[in-house]
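Engineer: Would you mind keeping the following structure in view while I ask a few things?
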Amino acid sequence: MKKKEIANPRDAYGETLVELGGKYRDIVVLDADLSKSTKTILFAKKYPERFFEMGIAEANMISTAAGLASCGKIPFASSFAVFATGRVYDQIRIDVAYSKANVKIFATHGGISVGKDGASHQMIEDLALMRVLPNMTVLAPSDATQTRRIVELMAITEGPMYARIGRANASVLYKKEDLKGLTIGKGLVVKDGSDVSIIACGTMVDLAVEAQEKLLKNGVSVRVIDMHTIKPLDEKLVIKCARETNAILTVEEHSVIGGLGSAVSEVLAENRSSTKFKRIGVQDTFCESGEPEDLFEKYGLTTSHIVKTVRKFIK
Amino acid sequence: MKEHDEEFIRKLDLIAVKIRKHIIEMLYRAKSGHPGGSLSAVEAIVTLYFHHMRHNPKNPNDPNRDRFVLSKGHAAPTLYAALAECGYFDVKELLLLRQINCMLQGHPVCSRIPGVEASTGSLGHGLSFANGIALAGKLDKKDYRVYVMIGDGETDEGQIWEAAASASHYKLDNLTALIDRNFLQIDGNTEEVLRLESVRDRWSAFGWYVLEVDGHNIKEIIDALLTASEQKNQPTMIILNTIKGKGISFMENNIDFHGVPPNEMEYKLAMKELDTLQKALEITL
């Protein structure tokens with residue numbers, strides 16, 4: 001098999017902020033003592049006057065970002081997903097979502113691929129927490145190229161937004177020109193197929209594509225959807241998949257409760273879909289310290305687990 | 001100086017009485033809300049909106065306006081009454097406080113009410129929000145100032161101290177905070193619930209310039225606000241020594257009126273007291 005090109009979405013985030021910083025003078029960036037990890041440090045170096053180091057004080061960071069937004073700034077506030085959402089839920093709820101503030105919360109280190117830091121740092125509830133907030137757009141880009149495009153869209157689209165990426169390097173799934181037409185709220189059909197649809201987001205899109213390739217060799221036709229926007233969900237595309245394929249499988253590096261899987265199942269249930277349906281993700285448990293690949297293996301987030309689940313579907 | 005003119009101060013005192021009448025009327029009609037902390041905040045808010053701040057009710061989004069953030073959002077009636085009297089919206093709206101399909105929510109919300117800068121109600125956020133406005137002002141080299149009122153009980157919240165550290169770190173001398181030091185919170189005296197003293201020393205230790213005034217003395221508030229705006233390289237905290245329930249004899253220092261509106265009898269009594277006060281002030285003008 002051809003070795004895949006690898007890039008880190010965090011680098012993509014930091015570099016895009018620098019690019020956009022030159023274009024849009026109202027962009028400001030806040031971080032809570034993690035700028036080296038979130039890569040906002042790149043922006044800090046280029047535009048020190050528009051970078052605000054907030055220290056280990058995330059609540060203050062979010063509310064301050066909202067204050068900046070009220071004066072026409074476009075603040076990107078960054079931290080690890082666990083600190084950027086759960087720790088500051090009330091600040092996001094009131095100052096960002098309720099206030100319809102133009103604040104962009106961009107989290108890195110989402111999911112269990114954080115690895116050895118353990119469950120305290122493995123955020124598997126962030127998509128759920130952000131999804132229930134009215135007015136909030138929730139995004140989970142799948143590779144470095146898409147991260148660049150999503151950050152750009154966040155900057156030029158008014159309203160409260162949350163995006164999360166992982167810590168690790170990720171396979172490059174797209175070329176820049178593939179994503180020119182990318183729109184918030186419109187899922188991407190990465191591979192077309194007719195037997196089963198896999199709807200994935202973030203880090204799991206890569207695995208879904210791998211599974212699709214393996215299954216194709218066995219004569220199973222799989223459609224892969226990159227659902228980079230969890231909210232507003234592309235309901236039309238979900239319904240289309242339900243109509244055109246025999247089963248739907250969601251895959252996310254997140255709890256199966258409240259995230260992409262839940263969002264898709266809500267659409268299916270309300271549209272009286274009789275499509276077979278299954279959610280792959282963390283099964284309502286806190287995980288543990290370990291190498292990311294060992295954790296993915298233990299908690300069922302692997303290509304082979306996806307392949308196995310699809311096979312069961314079509315039996 | 002004009003602002004120290006006795007007659008001018010009496011005019012502001014008279015506005016304060018009007019605001020108190022609005023508060024009582026609003027809470028009585030709404031049959032819910034927070035009289036105590038609304039009444040203690042009146043003089044400071046009146047001084048800001050009717051004298052000190054640069055603002056234009058006809059252009060609530062003027063980028064050069066001074067901003068006021070009511071972090072103790074439960075004093076919303078005071079803010080709403082001041083905004084309405086300034087002309088941000090019709091005074092009639094006040095009577096619809098907390099009613100369904102109406103503009104004035106139980107706690108301030110910036111996306112729905114003209115003149116409201118920040119959505120508050122969950123305590124502890126407002127100082128951080130004000131910091132953001134102050135940082136934007138510095139960045140844009142604008143000369144507006146930002147004012148934020150926090151409750152004394154509100155400083156139990158950890159976020160207040162994150163924000164306190166941040167404001168002094170960033171040398172936000174375009175920020176003036178005011179603390180409504182009425183010594184009462186829902187579960188009792190602030191010193192018994194979670195000791196706050198020395199309030200002055202705490203804020204000084206965080207790098208703030210601290211002033212202390214009688215929070216019901218408009219002349220003192222005016223002077224403190226002027227002194228605060230002359231400070232360089234550090235934010236200012238004005239400790240407003242106030243009385244919870246101020247202006248209504250039976251509500252003063254009475255914790256039962258933190259979050260309970262007046263009943264019909266109490267409403268009539270309160271309005272009678274305020275009418276008497278209003279007449280006494282009007283005679284002197």
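Starting from 1 in every chain, residues are counted up; chains themselves are A, B, ... following the order of the structure tokens, and ligands are numbered from 1 as listed.
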Could you pull the residues within 10 Å of region 20-28 of chain A, counting only C-alpha atoms, minus those fewer than 5 positions along the same chain, as a ChimeraX atom specification?

Structural biologist: /A:15,43-44,46-52,65,68-69,71-77,151-152,155-156 /B:136,139-140

Engineer: So that each row is one residue of chain B with an atom at most 7 Å from chain A, can you give its shortest atom pair and the distance in Å to one decimal, using only C-alpha atoms, rows by chain and rising number, as JSON lines?

Structural biologist:
```
{"residue": "B:Val109", "atom": "CA", "partner": "A:Ser99", "partner_atom": "CA", "distance": 6.7}
{"residue": "B:Cys110", "atom": "CA", "partner": "A:Ser99", "partner_atom": "CA", "distance": 6.1}
{"residue": "B:Ser111", "atom": "CA", "partner": "A:Ser99", "partner_atom": "CA", "distance": 5.4}
{"residue": "B:Ser119", "atom": "CA", "partner": "A:Ser99", "partner_atom": "CA", "distance": 6.1}
{"residue": "B:His125", "atom": "CA", "partner": "A:Ser63", "partner_atom": "CA", "distance": 6.2}
{"residue": "B:Ser128", "atom": "CA", "partner": "A:Thr64", "partner_atom": "CA", "distance": 4.8}
{"residue": "B:Phe129", "atom": "CA", "partner": "A:Gly67", "partner_atom": "CA", "distance": 4.3}
{"residue": "B:Ala130", "atom": "CA", "partner": "A:Gly67", "partner_atom": "CA", "distance": 6.0}
{"residue": "B:Asn131", "atom": "CA", "partner": "A:Thr64", "partner_atom": "CA", "distance": 5.9}
{"residue": "B:Gly132", "atom": "CA", "partner": "A:Gly67", "partner_atom": "CA", "distance": 4.1}
{"residue": "B:Ile133", "atom": "CA", "partner": "A:Gly67", "partner_atom": "CA", "distance": 4.9}
{"residue": "B:Ala136", "atom": "CA", "partner": "A:Leu68", "partner_atom": "CA", "distance": 5.6}
{"residue": "B:Gln159", "atom": "CA", "partner": "A:Asn60", "partner_atom": "CA", "distance": 6.1}
{"residue": "B:Glu162", "atom": "CA", "partner": "A:Asn60", "partner_atom": "CA", "distance": 6.0}
{"residue": "B:Ala163", "atom": "CA", "partner": "A:Asn60", "partner_atom": "CA", "distance": 5.8}
```

Engineer: For the selection just defined, write its residues with N, CA and C atoms to a file, as a compact mmCIF listing (two decimals), in the first residue's frame.

Structural biologist:
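Okay, part_4.txt is ready:
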```txt
# COMPACT_ATOMS: atom_id res chain seq x y z
N VAL B 109 -29.71 40.75 28.79
CA VAL B 109 -29.23 39.98 27.64
C VAL B 109 -28.94 40.95 26.50
N CYS B 110 -27.70 40.91 26.02
CA CYS B 110 -27.25 41.93 25.06
C CYS B 110 -27.82 41.73 23.67
N SER B 111 -28.21 40.50 23.34
CA SER B 111 -28.69 40.28 21.98
C SER B 111 -30.14 40.71 21.80
N SER B 119 -24.54 39.93 28.46
CA SER B 119 -25.55 39.07 29.07
C SER B 119 -24.97 38.57 30.40
N HIS B 125 -18.95 36.60 35.60
CA HIS B 125 -18.47 36.74 34.22
C HIS B 125 -18.11 38.17 33.83
N SER B 128 -14.53 39.84 33.49
CA SER B 128 -13.77 39.32 32.35
C SER B 128 -14.25 39.95 31.05
N PHE B 129 -15.56 40.04 30.91
CA PHE B 129 -16.15 40.62 29.70
C PHE B 129 -15.68 42.07 29.54
N ALA B 130 -15.71 42.80 30.66
CA ALA B 130 -15.26 44.19 30.64
C ALA B 130 -13.77 44.27 30.27
N ASN B 131 -13.00 43.34 30.75
CA ASN B 131 -11.57 43.28 30.36
C ASN B 131 -11.44 43.18 28.85
N GLY B 132 -12.28 42.36 28.24
CA GLY B 132 -12.23 42.20 26.79
C GLY B 132 -12.51 43.52 26.07
N ILE B 133 -13.49 44.25 26.59
CA ILE B 133 -13.81 45.57 25.99
C ILE B 133 -12.62 46.51 26.16
N ALA B 136 -9.83 45.62 23.78
CA ALA B 136 -10.17 46.06 22.42
C ALA B 136 -9.94 47.56 22.29
N GLN B 159 -13.78 33.15 39.16
CA GLN B 159 -13.50 33.84 37.91
C GLN B 159 -13.21 35.33 38.12
N GLU B 162 -9.59 35.57 38.62
CA GLU B 162 -8.87 35.40 37.35
C GLU B 162 -8.88 36.73 36.60
N ALA B 163 -10.06 37.35 36.58
CA ALA B 163 -10.21 38.61 35.85
C ALA B 163 -9.46 39.74 36.55
```

Engineer: Using DSSP on the backbone coordinates, identify the residues of region 30-205 of chain B assigned to alpha helix (DSSP H); present them as number ranges by chain.

Structural biologist: B: 30, 35-40, 42-47, 76-86, 126-139, 158-169, 190-193, 199-205

Engineer: Which neighbours of region 78-81 of chain B fall inside 6 Å, counting only C-alpha atoms, when residues of the same chain fewer than 2 positions from it are skipped, and could you give them as a PyMOL selection string?

Structural biologist: chain B and resi 19+38+75-76+83-84

Engineer: Residues within 10 Å of Glu154 (chain B), please, as number ranges by chain. Count only C-alpha atoms; anything in the same chain fewer than 2 positions from it doesn't count.

Structural biologist: B: 71-72, 122-125, 150-152, 156-160, 179-180, 185, 190

Engineer: Counting only C-alpha atoms, give me one row per residue of region 287-311 of chain A with an atom at most 12 Å from an atom of region 200-203 of chain A, showing the shortest contact pair and its distance in Å to one decimal, sorted by chain then residue number, as a tab-separated table.

Structural biologist:
```
residue	atom	partner	partner_atom	distance
A:Pro292	CA	A:Thr203	CA	11.9
A:Phe296	CA	A:Thr203	CA	11.2
A:Leu301	CA	A:Thr203	CA	10.1
A:Thr302	CA	A:Thr203	CA	11.0
A:Thr303	CA	A:Thr203	CA	11.8
A:Ile306	CA	A:Ala200	CA	10.9
```

Engineer: List as an NGL selection string the protein and nucleic acid residues near Asn56 (chain B), meaning an atom at most 8 Å away when only C-alpha atoms are counted, but skip any in the same chain fewer than 4 places from it.

Structural biologist: :B and (60 or 62 or 65)

Engineer: If you keep N, CA and C atoms, can you produce a file of those selected residues as a PDB file, in the first residue's frame?

Structural biologist:
```pdb
ATOM      1  N   PRO B  60     -26.916  53.262  20.073  1.00  0.00           N
ATOM      2  CA  PRO B  60     -26.402  52.375  21.144  1.00  0.00           C
ATOM      3  C   PRO B  60     -25.131  51.632  20.757  1.00  0.00           C
ATOM      4  N   ASP B  62     -22.575  52.923  18.969  1.00  0.00           N
ATOM      5  CA  ASP B  62     -21.474  53.833  18.666  1.00  0.00           C
ATOM      6  C   ASP B  62     -20.154  53.220  19.151  1.00  0.00           C
ATOM      7  N   ARG B  65     -18.442  54.743  22.270  1.00  0.00           N
ATOM      8  CA  ARG B  65     -19.166  54.963  23.532  1.00  0.00           C
ATOM      9  C   ARG B  65     -18.413  54.373  24.722  1.00  0.00           C
TER      10      ARG B  65
END
```

Engineer: Could you give me, as a ChimeraX atom specification, each residue of region 11-68 of chain A that DSSP assigns to strand (DSSP E) when run on this structure's backbone?

Structural biologist: /A:27-31,51-53

Engineer: If we count only C-alpha atoms, what is near Gly166 (chain A) at a cut-off of 12 Å, once residues fewer than 2 positions away on the same chain are taken out, given as JSON, numbers by chain?

Structural biologist: {"A": [7, 8, 9, 10, 11, 12, 13, 37, 38, 79, 80, 81, 82, 106, 107, 108, 109, 110, 111, 112, 113, 114, 115, 121, 122, 123, 124, 140, 141, 142, 143, 144, 147, 163, 164, 168, 169, 170, 201, 202, 203, 204, 252, 253, 254, 292]}

Engineer: Kindly export the residues of the current selection with N, CA and C atoms, as a short mmCIF file (atom, residue, chain, number, x, y, z; two decimals), in the first residue's frame.

Structural biologist:
```
data_model
loop_
_atom_site.label_atom_id
_atom_site.label_comp_id
_atom_site.auth_asym_id
_atom_site.auth_seq_id
_atom_site.Cartn_x
_atom_site.Cartn_y
_atom_site.Cartn_z
N ALA A 7 0.17 15.10 7.93
CA ALA A 7 0.36 16.50 8.36
C ALA A 7 -0.35 16.69 9.69
N ASN A 8 0.11 17.66 10.46
CA ASN A 8 -0.55 17.89 11.75
C ASN A 8 -1.57 19.02 11.65
N PRO A 9 -2.83 18.71 11.94
CA PRO A 9 -3.87 19.73 11.88
C PRO A 9 -3.60 20.91 12.82
N ARG A 10 -2.85 20.67 13.88
CA ARG A 10 -2.53 21.78 14.78
C ARG A 10 -1.63 22.80 14.09
N ASP A 11 -0.64 22.28 13.35
CA ASP A 11 0.21 23.20 12.57
C ASP A 11 -0.64 23.97 11.58
N ALA A 12 -1.57 23.23 10.97
CA ALA A 12 -2.46 23.86 9.98
C ALA A 12 -3.25 24.99 10.63
N TYR A 13 -3.72 24.76 11.84
CA TYR A 13 -4.47 25.78 12.57
C TYR A 13 -3.60 27.02 12.81
N SER A 37 1.36 24.14 22.34
CA SER A 37 0.67 22.91 21.93
C SER A 37 -0.46 23.17 20.94
N THR A 38 -1.20 24.27 21.17
CA THR A 38 -2.31 24.57 20.25
C THR A 38 -1.81 25.22 18.96
N SER A 79 -7.54 26.20 23.55
CA SER A 79 -6.99 25.40 24.64
C SER A 79 -7.21 23.95 24.24
N PHE A 80 -6.91 23.03 25.14
CA PHE A 80 -7.26 21.63 24.88
C PHE A 80 -8.78 21.50 24.99
N ALA A 81 -9.35 20.55 24.25
CA ALA A 81 -10.80 20.41 24.20
C ALA A 81 -11.42 20.28 25.58
N VAL A 82 -10.73 19.61 26.47
CA VAL A 82 -11.27 19.37 27.81
C VAL A 82 -11.41 20.67 28.60
N PHE A 106 -11.51 27.33 19.44
CA PHE A 106 -10.82 26.31 18.65
C PHE A 106 -10.01 25.43 19.59
N ALA A 107 -10.43 24.17 19.70
CA ALA A 107 -9.80 23.26 20.65
C ALA A 107 -8.92 22.25 19.93
N THR A 108 -7.80 21.96 20.55
CA THR A 108 -6.95 20.88 20.06
C THR A 108 -7.00 19.76 21.11
N HIS A 109 -6.35 18.64 20.84
CA HIS A 109 -6.29 17.54 21.81
C HIS A 109 -7.67 16.98 22.17
N GLY A 110 -8.58 16.97 21.19
CA GLY A 110 -9.88 16.35 21.41
C GLY A 110 -9.75 14.84 21.32
N GLY A 111 -10.63 14.12 22.01
CA GLY A 111 -10.67 12.67 21.88
C GLY A 111 -9.63 11.94 22.71
N ILE A 112 -9.53 10.62 22.47
CA ILE A 112 -8.66 9.78 23.30
C ILE A 112 -7.24 9.68 22.76
N SER A 113 -7.01 10.20 21.55
CA SER A 113 -5.67 10.11 20.97
C SER A 113 -4.67 11.00 21.70
N VAL A 114 -5.13 11.76 22.68
CA VAL A 114 -4.23 12.47 23.59
C VAL A 114 -3.30 11.44 24.24
N GLY A 115 -3.86 10.24 24.47
CA GLY A 115 -3.02 9.12 24.89
C GLY A 115 -2.66 9.09 26.35
N HIS A 121 -7.56 14.15 30.54
CA HIS A 121 -7.25 15.00 29.40
C HIS A 121 -7.89 14.52 28.09
N GLN A 122 -8.57 13.39 28.14
CA GLN A 122 -9.17 12.84 26.92
C GLN A 122 -10.62 13.31 26.83
N MET A 123 -10.87 14.30 26.00
CA MET A 123 -12.20 14.89 25.95
C MET A 123 -13.08 14.12 24.97
N ILE A 124 -14.08 13.43 25.51
CA ILE A 124 -14.98 12.65 24.66
C ILE A 124 -16.42 13.14 24.79
N ALA A 140 -15.76 19.59 13.32
CA ALA A 140 -14.68 18.65 13.62
C ALA A 140 -13.96 18.30 12.32
N PRO A 141 -13.01 19.14 11.90
CA PRO A 141 -12.30 18.87 10.64
C PRO A 141 -11.48 17.59 10.70
N SER A 142 -11.28 16.98 9.53
CA SER A 142 -10.73 15.62 9.49
C SER A 142 -9.26 15.55 9.12
N ASP A 143 -8.71 16.58 8.53
CA ASP A 143 -7.28 16.56 8.22
C ASP A 143 -6.74 17.98 8.21
N ALA A 144 -5.46 18.12 7.91
CA ALA A 144 -4.83 19.44 7.96
C ALA A 144 -5.42 20.38 6.91
N THR A 147 -8.77 21.49 8.00
CA THR A 147 -8.63 22.40 9.13
C THR A 147 -8.39 23.82 8.63
N ALA A 163 -14.77 24.42 17.28
CA ALA A 163 -14.14 23.41 16.44
C ALA A 163 -13.13 22.64 17.25
N ARG A 164 -13.03 21.36 16.94
CA ARG A 164 -12.02 20.54 17.64
C ARG A 164 -11.23 19.69 16.66
N ALA A 168 -2.69 14.41 17.38
CA ALA A 168 -1.71 13.68 16.57
C ALA A 168 -1.66 14.15 15.11
N ASN A 169 -0.62 13.67 14.42
CA ASN A 169 -0.57 13.84 12.98
C ASN A 169 -1.76 13.12 12.36
N ALA A 170 -2.15 13.57 11.18
CA ALA A 170 -3.27 12.92 10.52
C ALA A 170 -2.97 12.76 9.03
N CYS A 201 -16.55 11.73 11.44
CA CYS A 201 -16.04 13.09 11.57
C CYS A 201 -14.64 13.06 12.18
N GLY A 202 -13.92 14.15 11.97
CA GLY A 202 -12.59 14.32 12.57
C GLY A 202 -11.63 13.21 12.20
N THR A 203 -10.89 12.77 13.20
CA THR A 203 -9.84 11.76 13.00
C THR A 203 -10.36 10.45 12.41
N MET A 204 -11.65 10.20 12.55
CA MET A 204 -12.20 8.90 12.15
C MET A 204 -12.51 8.80 10.66
N GLU A 252 -16.93 8.16 15.40
CA GLU A 252 -16.40 9.41 15.96
C GLU A 252 -15.46 9.11 17.12
N GLU A 253 -14.47 9.97 17.28
CA GLU A 253 -13.57 9.84 18.42
C GLU A 253 -14.16 10.66 19.56
N HIS A 254 -15.23 10.12 20.10
CA HIS A 254 -16.09 10.87 21.04
C HIS A 254 -17.02 9.83 21.66
N PRO A 292 -1.88 6.00 21.87
CA PRO A 292 -3.12 6.23 21.14
C PRO A 292 -3.59 4.98 20.37
#
```

Engineer: Find the spatial neighbours of Ile238 (chain B), counting only C-alpha atoms, within a cut-off of 6 Å - ignore same-chain residues fewer than 2 positions away - and output them as a list in words.

Structural biologist: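 Residues near the query, excluding close chain neighbours: Leu178, Val210, Leu211 and Glu212 of chain B.
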
Engineer: What is the CA of Asn246 (chain A) to CA of Gly281 (chain A) distance in Å?

Structural biologist: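 We find that CA of Asn246 (chain A) and CA of Gly281 (chain A) lie 20.7 Å from each other.
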